[in-house]
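Structure below is work-v6.txt: compact mmCIF, C-alpha atoms and all ligand atoms.
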# COMPACT_ATOMS: atom_id res chain seq x y z
CA MET A 1 0.00 0.00 0.00
CA SER A 2 1.40 3.32 -1.05
CA GLN A 3 1.94 6.17 1.29
CA ASN A 4 -0.72 8.03 -0.62
CA ALA A 5 -3.23 5.12 -0.28
CA ARG A 6 -2.48 4.77 3.45
CA SER A 7 -2.78 8.42 3.81
CA GLY A 8 -6.08 8.32 1.84
CA ASN A 9 -7.44 5.47 4.01
CA ALA A 10 -6.36 7.27 7.15
CA LYS A 11 -8.09 10.42 5.95
CA ARG A 12 -11.30 8.47 5.12
CA THR A 13 -11.22 6.77 8.53
CA SER A 14 -10.64 10.08 10.21
CA ARG A 15 -13.47 11.67 8.15
CA GLN A 16 -15.81 8.76 9.00
CA ARG A 17 -14.98 9.16 12.69
CA ARG A 18 -15.69 12.89 12.46
CA CYS A 19 -19.00 12.19 10.67
CA TRP A 20 -20.07 9.76 13.39
CA SER A 21 -19.02 12.25 16.05
CA VAL A 22 -21.08 14.98 14.43
CA PHE A 23 -24.04 12.57 14.07
CA ALA A 24 -23.74 11.50 17.71
CA LEU A 25 -23.51 15.16 18.76
CA LEU A 26 -26.63 16.01 16.75
CA VAL A 27 -28.57 13.12 18.31
CA PHE A 28 -27.33 14.18 21.75
CA CYS A 29 -28.18 17.83 21.18
CA THR A 30 -31.65 16.97 19.84
CA GLY A 31 -32.18 15.20 23.14
CA CYS A 32 -30.87 18.27 24.95
CA THR A 33 -33.38 20.69 23.40
CA SER A 34 -36.59 20.96 25.33
CA HIS A 35 -38.60 18.79 22.94
CA ARG A 36 -41.90 18.06 24.63
CA ASP A 37 -44.90 15.96 23.76
CA THR A 38 -47.17 17.82 26.15
CA HIS A 39 -47.27 21.57 26.10
CA GLU A 40 -48.81 23.64 28.87
CA LEU A 41 -48.97 26.68 26.58
CA LEU A 42 -51.48 25.08 24.24
CA ASP A 43 -54.80 26.07 25.83
CA SER A 44 -53.73 29.53 27.00
CA LEU A 45 -52.40 30.27 23.52
CA LEU A 46 -55.59 29.07 21.80
CA TRP A 47 -57.63 31.17 24.22
CA VAL A 48 -55.67 34.31 23.29
CA GLN A 49 -55.66 33.61 19.56
CA THR A 50 -59.20 32.35 19.00
CA SER A 51 -61.59 33.10 21.85
CA ALA A 52 -64.29 35.74 21.77
CA GLU A 53 -63.72 36.02 25.52
CA TYR A 54 -60.13 37.25 25.14
CA ASP A 55 -61.08 39.66 22.36
CA ALA A 56 -63.98 41.08 24.39
CA LEU A 57 -61.93 41.35 27.57
CA ALA A 58 -58.99 43.14 25.94
CA SER A 59 -61.21 45.51 23.94
CA THR A 60 -63.34 46.30 26.99
CA THR A 61 -60.27 47.00 29.10
CA TYR A 62 -59.03 49.51 26.57
CA ARG A 63 -62.47 51.10 26.16
CA GLN A 64 -62.73 51.54 29.92
CA ALA A 65 -59.18 52.95 30.00
CA GLY A 66 -60.31 55.48 27.38
CA GLU A 67 -63.23 56.53 29.59
CA ALA A 68 -60.88 56.83 32.58
CA LEU A 69 -58.58 59.00 30.48
CA ASP A 70 -61.34 61.59 30.09
CA ARG A 71 -61.99 61.61 33.85
CA ALA A 72 -58.26 61.89 34.57
CA LEU A 73 -57.83 64.86 32.23
CA GLU A 74 -60.66 66.71 33.97
CA ASP A 75 -59.11 66.22 37.44
CA PRO A 76 -55.82 68.16 37.77
CA SER A 77 -54.81 66.22 40.89
CA TRP A 78 -55.28 62.79 39.27
CA SER A 79 -52.26 60.49 39.15
CA ALA A 80 -51.89 56.75 38.67
CA ILE A 81 -48.56 56.72 40.52
CA PRO A 82 -48.86 56.36 44.32
CA GLU A 83 -45.55 58.18 44.81
CA GLN A 84 -46.62 61.10 42.60
CA ALA A 85 -48.08 63.03 45.50
CA GLY A 86 -48.45 66.80 45.66
CA ALA A 87 -49.09 69.31 42.92
CA VAL A 88 -48.84 67.57 39.56
CA ALA A 89 -51.20 69.73 37.51
CA HIS A 90 -48.30 71.67 35.93
CA LEU A 91 -46.80 68.49 34.42
CA PRO A 92 -47.80 67.39 30.90
CA PRO A 93 -50.27 64.47 30.93
CA ALA A 94 -49.08 61.00 29.92
CA VAL A 95 -50.02 57.35 30.15
CA ILE A 96 -47.54 54.51 30.66
CA LEU A 97 -48.07 51.38 28.59
CA ASP A 98 -46.19 48.11 28.64
CA LEU A 99 -45.60 46.63 25.17
CA ASP A 100 -45.61 42.81 25.08
CA GLU A 101 -49.12 41.37 25.44
CA THR A 102 -50.31 44.92 26.19
CA VAL A 103 -49.83 46.62 22.83
CA LEU A 104 -47.96 43.93 20.88
CA ASP A 105 -49.56 40.50 20.45
CA ASN A 106 -46.72 37.96 20.43
CA SER A 107 -48.99 34.92 20.43
CA ALA A 108 -47.64 33.91 16.99
CA PHE A 109 -44.23 33.52 18.63
CA GLU A 110 -45.78 31.37 21.36
CA GLY A 111 -47.50 29.42 18.55
CA ARG A 112 -44.13 28.57 17.06
CA LEU A 113 -42.98 27.19 20.40
CA VAL A 114 -46.03 24.93 20.57
CA LYS A 115 -45.82 23.79 16.94
CA GLN A 116 -42.09 23.13 17.19
CA ARG A 117 -42.64 21.35 20.52
CA THR A 118 -40.00 23.41 22.20
CA SER A 119 -39.86 25.95 25.00
CA PHE A 120 -38.83 29.59 25.23
CA SER A 121 -35.26 30.51 24.36
CA PRO A 122 -33.75 34.02 24.32
CA LEU A 123 -32.35 33.39 20.81
CA ALA A 124 -35.76 32.47 19.37
CA TRP A 125 -37.30 35.50 21.10
CA ASP A 126 -34.60 37.77 19.62
CA ASP A 127 -35.33 36.37 16.14
CA TRP A 128 -39.05 37.03 16.58
CA MET A 129 -38.49 40.62 17.70
CA ARG A 130 -36.20 41.23 14.71
CA GLU A 131 -39.07 40.29 12.40
CA ALA A 132 -41.05 43.26 13.81
CA ALA A 133 -44.22 41.39 12.86
CA ALA A 134 -46.34 41.34 16.03
CA ARG A 135 -50.01 42.25 15.62
CA ALA A 136 -51.77 44.70 17.96
CA VAL A 137 -53.69 43.58 21.04
CA PRO A 138 -57.45 44.21 20.50
CA GLY A 139 -58.38 47.76 21.50
CA ALA A 140 -54.79 49.03 21.81
CA LEU A 141 -54.66 51.01 18.56
CA GLU A 142 -57.98 52.73 19.24
CA PHE A 143 -56.87 53.72 22.75
CA ILE A 144 -53.51 55.05 21.54
CA ALA A 145 -55.22 57.09 18.81
CA GLN A 146 -57.64 58.50 21.38
CA ALA A 147 -54.80 59.51 23.73
CA HIS A 148 -52.90 61.14 20.88
CA SER A 149 -55.98 63.09 19.84
CA LYS A 150 -56.17 64.50 23.38
CA HIS A 151 -52.45 65.41 23.37
CA VAL A 152 -51.63 62.85 26.04
CA ALA A 153 -48.07 61.47 25.72
CA ILE A 154 -47.78 57.69 25.41
CA LEU A 155 -44.74 56.32 27.22
CA TYR A 156 -43.79 52.69 26.55
CA VAL A 157 -42.00 50.99 29.44
CA THR A 158 -40.88 47.58 28.20
CA ASN A 159 -38.54 44.83 29.26
CA ARG A 160 -37.46 44.30 25.69
CA HIS A 161 -33.72 44.97 25.74
CA ALA A 162 -32.18 48.18 24.39
CA ARG A 163 -30.56 46.22 21.54
CA GLN A 164 -34.09 45.43 20.30
CA GLU A 165 -35.35 49.01 20.45
CA SER A 166 -35.00 49.75 16.73
CA SER A 167 -36.93 46.61 15.65
CA THR A 168 -39.52 47.35 18.35
CA ARG A 169 -39.98 50.87 16.99
CA GLU A 170 -40.24 49.40 13.49
CA ASN A 171 -43.00 47.04 14.67
CA LEU A 172 -44.93 49.92 16.31
CA GLU A 173 -44.62 52.05 13.19
CA LYS A 174 -45.84 49.17 11.00
CA LEU A 175 -48.96 49.11 13.17
CA GLY A 176 -49.48 52.82 12.52
CA ILE A 177 -48.42 53.91 16.00
CA PRO A 178 -46.63 57.25 15.71
CA LEU A 179 -43.48 57.82 17.78
CA PRO A 180 -42.18 61.37 18.37
CA GLN A 181 -38.76 62.21 16.95
CA ASP A 182 -37.83 64.75 19.64
CA LEU A 183 -38.46 62.53 22.68
CA ASP A 184 -37.57 58.90 23.43
CA THR A 185 -40.89 57.42 24.48
CA VAL A 186 -39.72 53.78 24.34
CA LEU A 187 -37.86 52.98 27.56
CA THR A 188 -36.14 49.63 27.20
CA GLU A 189 -34.24 47.48 29.68
CA GLY A 190 -30.51 48.28 29.76
CA GLU A 191 -30.97 51.47 27.74
CA PRO A 192 -28.09 53.93 28.09
CA PRO A 193 -27.36 56.17 29.86
CA PHE A 194 -29.72 54.86 32.55
CA ASN A 195 -29.11 51.12 32.13
CA TRP A 196 -32.67 50.50 33.34
CA PRO A 197 -33.15 47.24 35.30
CA SER A 198 -35.98 44.83 34.46
CA GLU A 199 -37.83 45.96 37.59
CA LYS A 200 -39.80 48.90 36.23
CA SER A 201 -40.18 51.12 39.32
CA SER A 202 -37.14 53.27 38.51
CA ARG A 203 -38.50 54.01 35.05
CA ARG A 204 -41.92 54.91 36.48
CA GLU A 205 -40.26 57.23 39.04
CA TYR A 206 -38.15 58.86 36.32
CA LEU A 207 -41.22 59.51 34.19
CA ALA A 208 -43.28 60.68 37.18
CA GLY A 209 -40.75 63.51 37.64
CA ARG A 210 -41.53 64.73 34.13
CA PHE A 211 -45.18 63.88 33.42
CA ARG A 212 -48.49 63.63 35.24
CA ILE A 213 -49.10 59.92 34.82
CA LEU A 214 -52.83 59.46 34.25
CA LEU A 215 -52.98 55.71 33.69
CA LEU A 216 -50.84 52.58 33.86
CA ILE A 217 -51.71 49.81 31.40
CA GLY A 218 -50.02 46.40 31.35
CA ASP A 219 -50.45 42.63 31.48
CA ASP A 220 -48.17 41.92 34.46
CA LEU A 221 -48.21 43.00 38.09
CA GLY A 222 -44.68 44.36 37.49
CA ASP A 223 -46.16 46.93 35.09
CA PHE A 224 -47.83 48.58 38.09
CA VAL A 225 -45.92 47.96 41.30
CA ALA A 226 -42.65 46.54 42.66
CA GLY A 227 -42.84 43.03 44.13
CA ALA A 228 -44.21 41.15 41.13
CA ARG A 229 -41.64 38.39 41.55
CA ASP A 230 -42.55 37.65 45.16
CA ALA A 231 -44.23 34.38 46.15
CA PRO A 232 -47.75 33.86 44.73
CA GLU A 233 -49.58 34.59 48.02
CA GLN A 234 -47.62 37.83 48.49
CA ARG A 235 -48.40 38.86 44.92
CA VAL A 236 -52.12 38.40 45.51
CA ARG A 237 -51.85 40.40 48.76
CA LEU A 238 -49.97 43.16 46.94
CA ALA A 239 -52.59 43.35 44.18
CA ARG A 240 -55.39 43.51 46.76
CA GLU A 241 -53.63 46.35 48.61
CA HIS A 242 -54.16 48.42 45.45
CA SER A 243 -57.73 47.31 44.81
CA GLN A 244 -58.92 50.94 44.50
CA ARG A 245 -56.65 51.50 41.53
CA TRP A 246 -57.64 48.52 39.37
CA GLY A 247 -60.11 49.62 36.73
CA THR A 248 -59.73 53.24 37.85
CA SER A 249 -56.19 54.30 36.93
CA TRP A 250 -54.58 50.86 36.49
CA PHE A 251 -55.80 48.67 33.62
CA LEU A 252 -54.74 45.04 33.31
CA LEU A 253 -54.80 42.99 30.09
CA PRO A 254 -55.16 39.21 30.42
CA ASN A 255 -52.04 37.13 29.69
CA PRO A 256 -52.41 33.46 30.63
CA MET A 257 -49.37 32.45 28.52
CA TYR A 258 -46.45 33.75 30.61
CA GLY A 259 -45.45 36.44 33.07
CA SER A 260 -44.07 37.09 36.52
CA TRP A 261 -47.00 35.03 37.88
CA GLU A 262 -45.35 31.99 36.30
CA ARG A 263 -41.83 32.93 37.32
CA SER A 264 -42.99 33.36 40.91
CA LEU A 265 -43.95 29.67 41.03
CA LEU A 266 -40.55 28.14 40.28
CA PRO A 267 -36.95 29.23 39.66
CA ALA A 268 -36.37 29.95 35.96
CA SER A 269 -33.08 28.03 36.15
CA LEU A 270 -34.82 24.66 36.64
CA PRO A 271 -34.65 22.21 33.72
CA ASP A 272 -37.82 21.96 31.68
CA ASP A 273 -38.88 18.56 33.05
CA ALA A 274 -38.42 19.75 36.63
CA ARG A 275 -40.48 22.87 35.92
CA LEU A 276 -43.36 20.82 34.52
CA LYS A 277 -43.20 18.49 37.52
CA GLY A 278 -43.02 21.46 39.92
CA LYS A 279 -46.04 23.11 38.32
CA ARG A 280 -48.12 19.96 38.82
CA GLN A 281 -47.12 19.98 42.49
CA VAL A 282 -48.29 23.60 42.91
CA ILE A 283 -51.79 22.81 41.62
CA ARG A 284 -54.41 22.91 44.38
CA ASP A 285 -56.76 19.93 44.19
CA GLU A 286 -58.24 20.08 47.69
CA ARG A 287 -60.52 22.66 49.23
MG MG B 301 -46.10 42.63 28.89
Please express the file's structure as structure tokens.
Amino acid sequence: MSQNARSGNAKRTSRQRRCWSVFALLVFCTGCTSHRDTHELLDSLLWVQTSAEYDALASTTYRQAGEALDRALEDPSWSAIPEQAGAVAHLPPAVILDLDETVLDNSAFEGRLVKQRTSFSPLAWDDWMREAAARAVPGALEFIAQAHSKHVAILYVTNRHARQESSTRENLEKLGIPLPQDLDTVLTEGEPPFNWPSEKSSRREYLAGRFRILLLIGDDLGDFVAGARDAPEQRVRLAREHSQRWGTSWFLLPNPMYGSWERSLLPASLPDDARLKGKRQVIRDER
């Protein structure tokens, strides 16, 4: 056997070994991804995408927020921010809106997770945001147009990261939502120079120093008050402490698909199987 033939055989053997290694790695990695045969998102997603109940609830929430906006504009002492005490009438009026599942309907992204039998990953979420293709939540566009017509500033406080701000703005503009050029009204997590944390209180306080905040609108307790990631019982207690504000100056959109309510149940770092098992253990099945 010539040197060249030996060398050729050695190369083939080495290539075959590499091929098998890559194949084994692929099989292993396929097992590593969170491929699931049952998917707890399925019913909540279908409810958001297809039910008359979700559509009616979201539209009604925004219609009632629009009615509250008129009352708030007539009352110069009105504020949706508990800390915004004292004379606020001199400040320009504004409302604070969350974006995801408040203005932007990302249920198509959740639909991909279900259809692909996988679970959330930051990379997949980044890809979805780059598409800038989210629809609007029912009622959101009408409310935003109403607020604009009354010269009320719309301030978007979102936990989308600063690196996704341009695609987020693109998505809003595609939906016909105007954004001012002279003022940054989209406050993203990590945005310089403030480097905002995911907890939204600091952004609300910053805005409350500059605007009279008439309404807060969101789909997560964290869109209204600090403490959204506390234990479930504490979260319920916290929400009840502010019962006077719900439906008056705080308006909550339904989101059964995800949120701090889910994160408060179990650590996010748990593997997928352990999370599913843990969720079953949390379910109350006795009086
Ligand atoms: Mg949201």
Taking only C-alpha atoms and all ligand atoms and a cut-off of 8 Å, can you tell me which residues surround ligand MG 301 (chain B), written as a list of chain:residue names?
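Protein and nucleic-acid residues within 8 Å of ligand MG 301 (chain B): A:Asp98, A:Leu99, A:Asp100, A:Glu101, A:Thr102, A:Thr158, A:Asn159, A:Gly218, A:Asp219, A:Asp220, A:Asp223, A:Gly259.
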Give me the residues near stretch 70-80 of chain A as a PyMOL selection string, where near means some atom within 10 Å (using all atoms listed in the file) and where sequence neighbours in that chain fewer than 2 positions away do not count.
chain A and resi 65-68+82-91+93-96+146-147+150+152+208+211-216+224+245+248-250
Polymer residues at most 10 Å from (-33.3, 51.4, 29.8) by all atoms listed in the file, as JSON, numbers by chain:
{"A": [157, 158, 159, 160, 161, 162, 165, 186, 187, 188, 189, 190, 191, 192, 193, 194, 195, 196, 197, 198, 200, 202, 203]}
